Amino acid sequence: MRVERVSAHIWAVSVWVLIPIRVWLVAGDDGVTLVDAGLSFMAEGILRAIDRLGAGPLRRILLTHGHSDHTGAIAPILRRRPVPVYAHEREIPYMTGQLPYPRRRRPAAGLAPGVAEPLAEEGRGVLARVAGLRPYLTPGHSPGHVAYYHERDRVLLAGDLFTSRQGRLGRPMAIFTADMEEAVRSGAIVATLQPERLEICHGGPVLNPAAQISQYLAAAG
Ligand SMILES: [Zn+2]
Ligand SMILES: [Zn+2]
């Protein structure tokens, strides 16, 4: 398992299992926030990476969405460190298997009901900042997909909103994406936020992604 520093407050922990799988550790005032949880076998390495940071204890887990390659390590992590888990309230019925994800016939076996709580709202659909990260609803890849923006470091942790190849923005993986058109439209978040760095789960980082976004949106249209 590889640990690399992304910015002043963020580290990426990654493995390669046919595709790269990245999760993020975010150091904050009260300790460490884990964004996404990867596959179950990553639990041990994630906890070891947190301990080595020396940035305080794990305080919470934030999910970009509920696909199994993002939630697999939650159960083994919670057995060792019982912390709250948050996702967008729209995503929760899909991740707990109450509803099948769009374009899937069967519900995912996902996370037990009650494990994930909804991200807090400030009102009018604006999600409250948590641990230095502002969540933004970016649906399409899944109905309640969220990207987390670290405002101080100007890093957007974007889960499966995009893929990337050699620093170029790519569409999310089609077979796992509920509504590609909506997912592509949600990608415009990078034009709004103008992050310095975009981090995605299944690919390398993209620097200054806003410079590519009009081309990305046009190619999709
Ligand atoms: Zn996904
Ligand atoms: Zn994924």
# chains A, B, ... in the order shown; residues from 1 in each chain; ligands from 1
call {"tool": "residues_near_ligand", "arguments": {"ligand": "ligand 1", "cutoff": "10 Å", "atoms": "only C-alpha atoms and all ligand atoms", "output": "PyMOL selection string"}}
result
chain A and resi 64-70+141-142+145+159-162+172-178+201-202
call {"tool": "residues_around", "arguments": {"residues": "Pro84 (chain A)", "least_positions_apart": "5", "cutoff": "12 Å", "atoms": "only C-alpha atoms", "output": "list in words"}}
result
Thr33, Leu34, Leu58, Arg59, Arg60, Ile61, Leu62, Leu63, Ile74, Ala75, Ile77, Leu78, Gly114, Val115, Ala116, Glu117, Pro118 and Leu119 of chain A
call {"tool": "write_last_selection", "arguments": {"atoms": "N, CA, C and O atoms", "output": "PDB file, in the first residue's frame"}}
result
ATOM      1  N   THR A  33      -9.639  12.675   9.173  1.00  0.00           N
ATOM      2  CA  THR A  33     -10.858  12.269   8.473  1.00  0.00           C
ATOM      3  C   THR A  33     -10.448  11.397   7.303  1.00  0.00           C
ATOM      4  O   THR A  33      -9.559  11.764   6.537  1.00  0.00           O
ATOM      5  N   LEU A  34     -11.085  10.226   7.204  1.00  0.00           N
ATOM      6  CA  LEU A  34     -10.839   9.338   6.067  1.00  0.00           C
ATOM      7  C   LEU A  34     -11.913   9.597   5.023  1.00  0.00           C
ATOM      8  O   LEU A  34     -13.106   9.569   5.346  1.00  0.00           O
ATOM      9  N   LEU A  58      -8.330   8.829  14.217  1.00  0.00           N
ATOM     10  CA  LEU A  58      -9.389   8.844  13.199  1.00  0.00           C
ATOM     11  C   LEU A  58     -10.672   9.330  13.858  1.00  0.00           C
ATOM     12  O   LEU A  58     -11.075   8.831  14.907  1.00  0.00           O
ATOM     13  N   ARG A  59     -11.294  10.344  13.244  1.00  0.00           N
ATOM     14  CA  ARG A  59     -12.510  10.933  13.825  1.00  0.00           C
ATOM     15  C   ARG A  59     -13.766  10.573  13.071  1.00  0.00           C
ATOM     16  O   ARG A  59     -14.854  10.548  13.635  1.00  0.00           O
ATOM     17  N   ARG A  60     -13.669  10.408  11.755  1.00  0.00           N
ATOM     18  CA  ARG A  60     -14.869  10.158  10.955  1.00  0.00           C
ATOM     19  C   ARG A  60     -14.466   9.624   9.581  1.00  0.00           C
ATOM     20  O   ARG A  60     -13.317   9.774   9.157  1.00  0.00           O
ATOM     21  N   ILE A  61     -15.450   9.011   8.926  1.00  0.00           N
ATOM     22  CA  ILE A  61     -15.271   8.557   7.548  1.00  0.00           C
ATOM     23  C   ILE A  61     -16.316   9.269   6.697  1.00  0.00           C
ATOM     24  O   ILE A  61     -17.506   9.277   7.044  1.00  0.00           O
ATOM     25  N   LEU A  62     -15.867   9.901   5.629  1.00  0.00           N
ATOM     26  CA  LEU A  62     -16.773  10.545   4.677  1.00  0.00           C
ATOM     27  C   LEU A  62     -16.750   9.725   3.392  1.00  0.00           C
ATOM     28  O   LEU A  62     -15.679   9.329   2.941  1.00  0.00           O
ATOM     29  N   LEU A  63     -17.924   9.502   2.808  1.00  0.00           N
ATOM     30  CA  LEU A  63     -17.994   8.715   1.579  1.00  0.00           C
ATOM     31  C   LEU A  63     -18.399   9.585   0.402  1.00  0.00           C
ATOM     32  O   LEU A  63     -19.318  10.394   0.520  1.00  0.00           O
ATOM     33  N   ILE A  74     -14.910  -0.291   5.538  1.00  0.00           N
ATOM     34  CA  ILE A  74     -15.604   0.372   6.650  1.00  0.00           C
ATOM     35  C   ILE A  74     -15.829  -0.577   7.827  1.00  0.00           C
ATOM     36  O   ILE A  74     -15.479  -0.256   8.967  1.00  0.00           O
ATOM     37  N   ALA A  75     -16.397  -1.746   7.544  1.00  0.00           N
ATOM     38  CA  ALA A  75     -16.704  -2.660   8.660  1.00  0.00           C
ATOM     39  C   ALA A  75     -15.446  -3.026   9.457  1.00  0.00           C
ATOM     40  O   ALA A  75     -15.431  -2.877  10.684  1.00  0.00           O
ATOM     41  N   ILE A  77     -12.681  -1.402   9.728  1.00  0.00           N
ATOM     42  CA  ILE A  77     -12.157  -0.213  10.416  1.00  0.00           C
ATOM     43  C   ILE A  77     -13.021   0.086  11.648  1.00  0.00           C
ATOM     44  O   ILE A  77     -12.499   0.346  12.738  1.00  0.00           O
ATOM     45  N   LEU A  78     -14.345   0.029  11.485  1.00  0.00           N
ATOM     46  CA  LEU A  78     -15.228   0.367  12.616  1.00  0.00           C
ATOM     47  C   LEU A  78     -15.085  -0.619  13.773  1.00  0.00           C
ATOM     48  O   LEU A  78     -15.295  -0.254  14.925  1.00  0.00           O
ATOM     49  N   GLY A 114     -28.103   2.004   9.023  1.00  0.00           N
ATOM     50  CA  GLY A 114     -27.787   2.635  10.302  1.00  0.00           C
ATOM     51  C   GLY A 114     -26.314   2.959  10.463  1.00  0.00           C
ATOM     52  O   GLY A 114     -25.945   3.730  11.349  1.00  0.00           O
ATOM     53  N   VAL A 115     -25.446   2.376   9.620  1.00  0.00           N
ATOM     54  CA  VAL A 115     -24.011   2.658   9.753  1.00  0.00           C
ATOM     55  C   VAL A 115     -23.699   4.070   9.253  1.00  0.00           C
ATOM     56  O   VAL A 115     -23.001   4.828   9.905  1.00  0.00           O
ATOM     57  N   ALA A 116     -24.242   4.421   8.073  1.00  0.00           N
ATOM     58  CA  ALA A 116     -23.949   5.746   7.509  1.00  0.00           C
ATOM     59  C   ALA A 116     -25.055   6.728   7.868  1.00  0.00           C
ATOM     60  O   ALA A 116     -26.236   6.419   7.782  1.00  0.00           O
ATOM     61  N   GLU A 117     -24.626   7.918   8.267  1.00  0.00           N
ATOM     62  CA  GLU A 117     -25.558   9.003   8.574  1.00  0.00           C
ATOM     63  C   GLU A 117     -25.521  10.012   7.433  1.00  0.00           C
ATOM     64  O   GLU A 117     -24.499  10.149   6.771  1.00  0.00           O
ATOM     65  N   PRO A 118     -26.613  10.767   7.250  1.00  0.00           N
ATOM     66  CA  PRO A 118     -26.579  11.784   6.193  1.00  0.00           C
ATOM     67  C   PRO A 118     -25.678  12.951   6.551  1.00  0.00           C
ATOM     68  O   PRO A 118     -25.627  13.375   7.713  1.00  0.00           O
ATOM     69  N   LEU A 119     -24.959  13.473   5.563  1.00  0.00           N
ATOM     70  CA  LEU A 119     -24.176  14.699   5.731  1.00  0.00           C
ATOM     71  C   LEU A 119     -25.118  15.822   6.149  1.00  0.00           C
ATOM     72  O   LEU A 119     -26.241  15.920   5.644  1.00  0.00           O
TER      73      LEU A 119
END
call {"tool": "closest_residue", "arguments": {"among": "A:Val17, A:Val3, A:Val130, A:Leu207", "to": "ligand 2", "atoms": "only C-alpha atoms and all ligand atoms"}}
result
A:Val17
call {"tool": "closest_residue", "arguments": {"among": "A:Ser214, A:Ile200, A:Leu137, A:Asp179", "to": "ligand 2", "atoms": "only C-alpha atoms and all ligand atoms"}}
result
A:Ile200
call {"tool": "atom_distance", "arguments": {"atom1": "CA of Pro20 (chain A)", "atom2": "CA of Pro57 (chain A)"}}
result
26.0 Å
call {"tool": "atom_distance", "arguments": {"atom1": "CA of Glu196 (chain A)", "atom2": "CA of Gln212 (chain A)"}}
result
12.5 Å
call {"tool": "closest_residue", "arguments": {"among": "A:Gly203, A:Trp11, A:Leu25, A:Arg104", "to": "ligand 2", "atoms": "only C-alpha atoms and all ligand atoms"}}
result
A:Gly203
call {"tool": "residues_around", "arguments": {"residues": "Gly45 (chain A)", "least_positions_apart": "6", "cutoff": "12 Å", "atoms": "only C-alpha atoms", "output": "VMD selection string"}}
result
chain A and resid 1 to 3 12 to 15 23 25 37 to 39 51 to 52 73 76 to 77
call {"tool": "write_last_selection", "arguments": {"atoms": "N, CA and C atoms", "output": "compact mmCIF listing (two decimals), in the first residue's frame"}}
result
# COMPACT_ATOMS: atom_id res chain seq x y z
N MET A 1 0.84 -1.19 0.00
CA MET A 1 0.00 0.00 0.00
C MET A 1 0.88 1.25 0.00
N ARG A 2 0.52 2.18 -0.85
CA ARG A 2 1.36 3.36 -1.02
C ARG A 2 0.72 4.55 -0.32
N VAL A 3 1.53 5.33 0.37
CA VAL A 3 1.04 6.55 1.01
C VAL A 3 1.80 7.72 0.43
N ALA A 12 -2.78 10.59 0.24
CA ALA A 12 -3.51 9.55 -0.48
C ALA A 12 -2.92 8.20 -0.10
N VAL A 13 -3.79 7.23 0.17
CA VAL A 13 -3.38 5.86 0.41
C VAL A 13 -3.92 5.06 -0.78
N SER A 14 -3.04 4.32 -1.46
CA SER A 14 -3.53 3.66 -2.68
C SER A 14 -3.00 2.24 -2.83
N VAL A 15 -3.79 1.45 -3.55
CA VAL A 15 -3.39 0.11 -3.96
C VAL A 15 -3.71 -0.01 -5.45
N VAL A 23 -7.75 6.24 -1.48
CA VAL A 23 -8.56 6.86 -0.44
C VAL A 23 -7.70 7.98 0.14
N LEU A 25 -6.56 10.65 3.47
CA LEU A 25 -6.51 11.02 4.88
C LEU A 25 -6.38 12.53 4.94
N ALA A 37 -13.27 4.47 1.66
CA ALA A 37 -12.63 3.43 2.46
C ALA A 37 -12.12 2.24 1.66
N GLY A 38 -12.19 2.28 0.33
CA GLY A 38 -11.54 1.24 -0.46
C GLY A 38 -12.06 -0.16 -0.19
N LEU A 39 -11.22 -1.15 -0.50
CA LEU A 39 -11.59 -2.55 -0.34
C LEU A 39 -11.24 -3.03 1.07
N ASP A 51 -2.01 6.12 11.94
CA ASP A 51 -1.17 6.14 13.14
C ASP A 51 0.19 6.79 12.86
N ARG A 52 0.74 6.50 11.67
CA ARG A 52 2.06 7.05 11.33
C ARG A 52 2.04 8.54 11.07
N ALA A 73 -13.73 -1.33 3.33
CA ALA A 73 -12.94 -1.36 4.56
C ALA A 73 -13.68 -0.76 5.76
N PRO A 76 -14.36 -3.49 8.80
CA PRO A 76 -13.17 -3.81 9.60
C PRO A 76 -12.56 -2.59 10.30
N ILE A 77 -12.68 -1.40 9.73
CA ILE A 77 -12.16 -0.21 10.42
C ILE A 77 -13.02 0.09 11.65
call {"tool": "closest_residue", "arguments": {"among": "A:Val190, A:Arg80, A:Glu151, A:Thr163", "to": "ligand 2", "atoms": "only C-alpha atoms and all ligand atoms"}}
result
A:Thr163
call {"tool": "residues_around", "arguments": {"residues": "Glu182 (chain A)", "least_positions_apart": "6", "cutoff": "9 Å", "atoms": "only C-alpha atoms", "output": "list in words"}}
result
Thr138, Pro139, Gly140 and His141 of chain A
call {"tool": "closest_residue", "arguments": {"among": "A:Gly123, A:Gly167, A:Gly72, A:Pro135", "to": "ligand 2", "atoms": "only C-alpha atoms and all ligand atoms"}}
result
A:Gly72
call {"tool": "closest_residue", "arguments": {"among": "A:Ala120, A:Ile21, A:Val146, A:Ala211", "to": "ligand 2", "atoms": "only C-alpha atoms and all ligand atoms"}}
result
A:Ile21
call {"tool": "select_by_dssp", "arguments": {"residues": "region 104-169 of chain A", "states": "strand (DSSP E)", "output": "JSON, numbers by chain"}}
result
{"A": [116, 117, 118, 121, 122, 123, 126, 127, 133, 134, 135, 136, 137, 146, 147, 148, 149, 150, 155, 156, 157, 163, 164, 165, 168, 169]}
call {"tool": "select_by_dssp", "arguments": {"residues": "chain A", "states": "helix (DSSP H, G or I)", "output": "PyMOL selection string"}}
result
chain A and resi 40-53+68-71+74-80+92-95+174-176+180-186+189-193+210-220
call {"tool": "write_last_selection", "arguments": {"atoms": "C-alpha atoms", "output": "mmCIF file, in the first residue's frame"}}
result
data_model
loop_
_atom_site.group_PDB
_atom_site.id
_atom_site.type_symbol
_atom_site.label_atom_id
_atom_site.label_comp_id
_atom_site.auth_asym_id
_atom_site.auth_seq_id
_atom_site.Cartn_x
_atom_site.Cartn_y
_atom_site.Cartn_z
ATOM 1 C CA SER A 40 -11.775 -4.547 2.883
ATOM 2 C CA PHE A 41 -8.148 -5.709 2.771
ATOM 3 C CA MET A 42 -7.048 -2.044 2.866
ATOM 4 C CA ALA A 43 -8.338 -1.526 6.428
ATOM 5 C CA GLU A 44 -5.106 -2.500 8.163
ATOM 6 C CA GLY A 45 -2.929 -0.334 5.925
ATOM 7 C CA ILE A 46 -5.245 2.650 6.249
ATOM 8 C CA LEU A 47 -5.178 2.456 10.058
ATOM 9 C CA ARG A 48 -1.394 2.073 10.063
ATOM 10 C CA ALA A 49 -1.059 5.104 7.772
ATOM 11 C CA ILE A 50 -3.266 7.137 10.134
ATOM 12 C CA ASP A 51 -1.167 6.139 13.145
ATOM 13 C CA ARG A 52 2.060 7.052 11.333
ATOM 14 C CA LEU A 53 0.795 10.508 10.407
ATOM 15 C CA SER A 68 -18.406 -1.493 -2.748
ATOM 16 C CA ASP A 69 -14.897 -0.432 -3.839
ATOM 17 C CA HIS A 70 -15.386 2.676 -1.655
ATOM 18 C CA THR A 71 -17.028 1.091 1.384
ATOM 19 C CA ILE A 74 -15.604 0.372 6.650
ATOM 20 C CA ALA A 75 -16.704 -2.660 8.660
ATOM 21 C CA PRO A 76 -13.167 -3.809 9.600
ATOM 22 C CA ILE A 77 -12.157 -0.213 10.416
ATOM 23 C CA LEU A 78 -15.228 0.367 12.616
ATOM 24 C CA ARG A 79 -14.509 -2.834 14.544
ATOM 25 C CA ARG A 80 -11.196 -1.287 15.590
ATOM 26 C CA ILE A 92 -27.892 5.949 1.677
ATOM 27 C CA PRO A 93 -30.884 3.834 0.475
ATOM 28 C CA TYR A 94 -28.744 2.524 -2.408
ATOM 29 C CA MET A 95 -25.693 1.745 -0.338
ATOM 30 C CA ALA A 174 -19.390 3.632 -17.979
ATOM 31 C CA ILE A 175 -20.422 0.231 -16.668
ATOM 32 C CA PHE A 176 -20.581 1.498 -13.105
ATOM 33 C CA MET A 180 -23.520 9.369 -17.740
ATOM 34 C CA GLU A 181 -25.031 12.620 -19.007
ATOM 35 C CA GLU A 182 -25.751 13.775 -15.495
ATOM 36 C CA ALA A 183 -22.289 12.670 -14.345
ATOM 37 C CA VAL A 184 -20.623 14.693 -17.097
ATOM 38 C CA ARG A 185 -22.708 17.764 -16.208
ATOM 39 C CA SER A 186 -21.703 17.339 -12.559
ATOM 40 C CA ILE A 189 -18.009 21.630 -10.466
ATOM 41 C CA VAL A 190 -14.301 22.042 -11.297
ATOM 42 C CA ALA A 191 -15.096 25.200 -13.293
ATOM 43 C CA THR A 192 -16.986 26.588 -10.291
ATOM 44 C CA LEU A 193 -14.402 25.722 -7.648
ATOM 45 C CA ALA A 210 -10.711 23.758 -14.885
ATOM 46 C CA ALA A 211 -8.372 24.360 -17.845
ATOM 47 C CA GLN A 212 -9.714 21.167 -19.459
ATOM 48 C CA ILE A 213 -13.349 21.309 -18.483
ATOM 49 C CA SER A 214 -14.873 23.095 -21.477
ATOM 50 C CA GLN A 215 -13.235 20.567 -23.784
ATOM 51 C CA TYR A 216 -14.429 17.718 -21.563
ATOM 52 C CA LEU A 217 -18.010 18.972 -21.538
ATOM 53 C CA ALA A 218 -17.992 19.683 -25.275
ATOM 54 C CA ALA A 219 -16.601 16.254 -26.156
ATOM 55 C CA ALA A 220 -19.370 14.671 -24.132
#
call {"tool": "atom_distance", "arguments": {"atom1": "CA of Gly170 (chain A)", "atom2": "CA of Arg22 (chain A)"}}
result
16.4 Å
call {"tool": "residues_around", "arguments": {"residues": "Leu198 (chain A)", "least_positions_apart": "6", "cutoff": "7 Å", "atoms": "only C-alpha atoms", "output": "PyMOL selection string"}}
result
chain A and resi 155-158+205-207+209
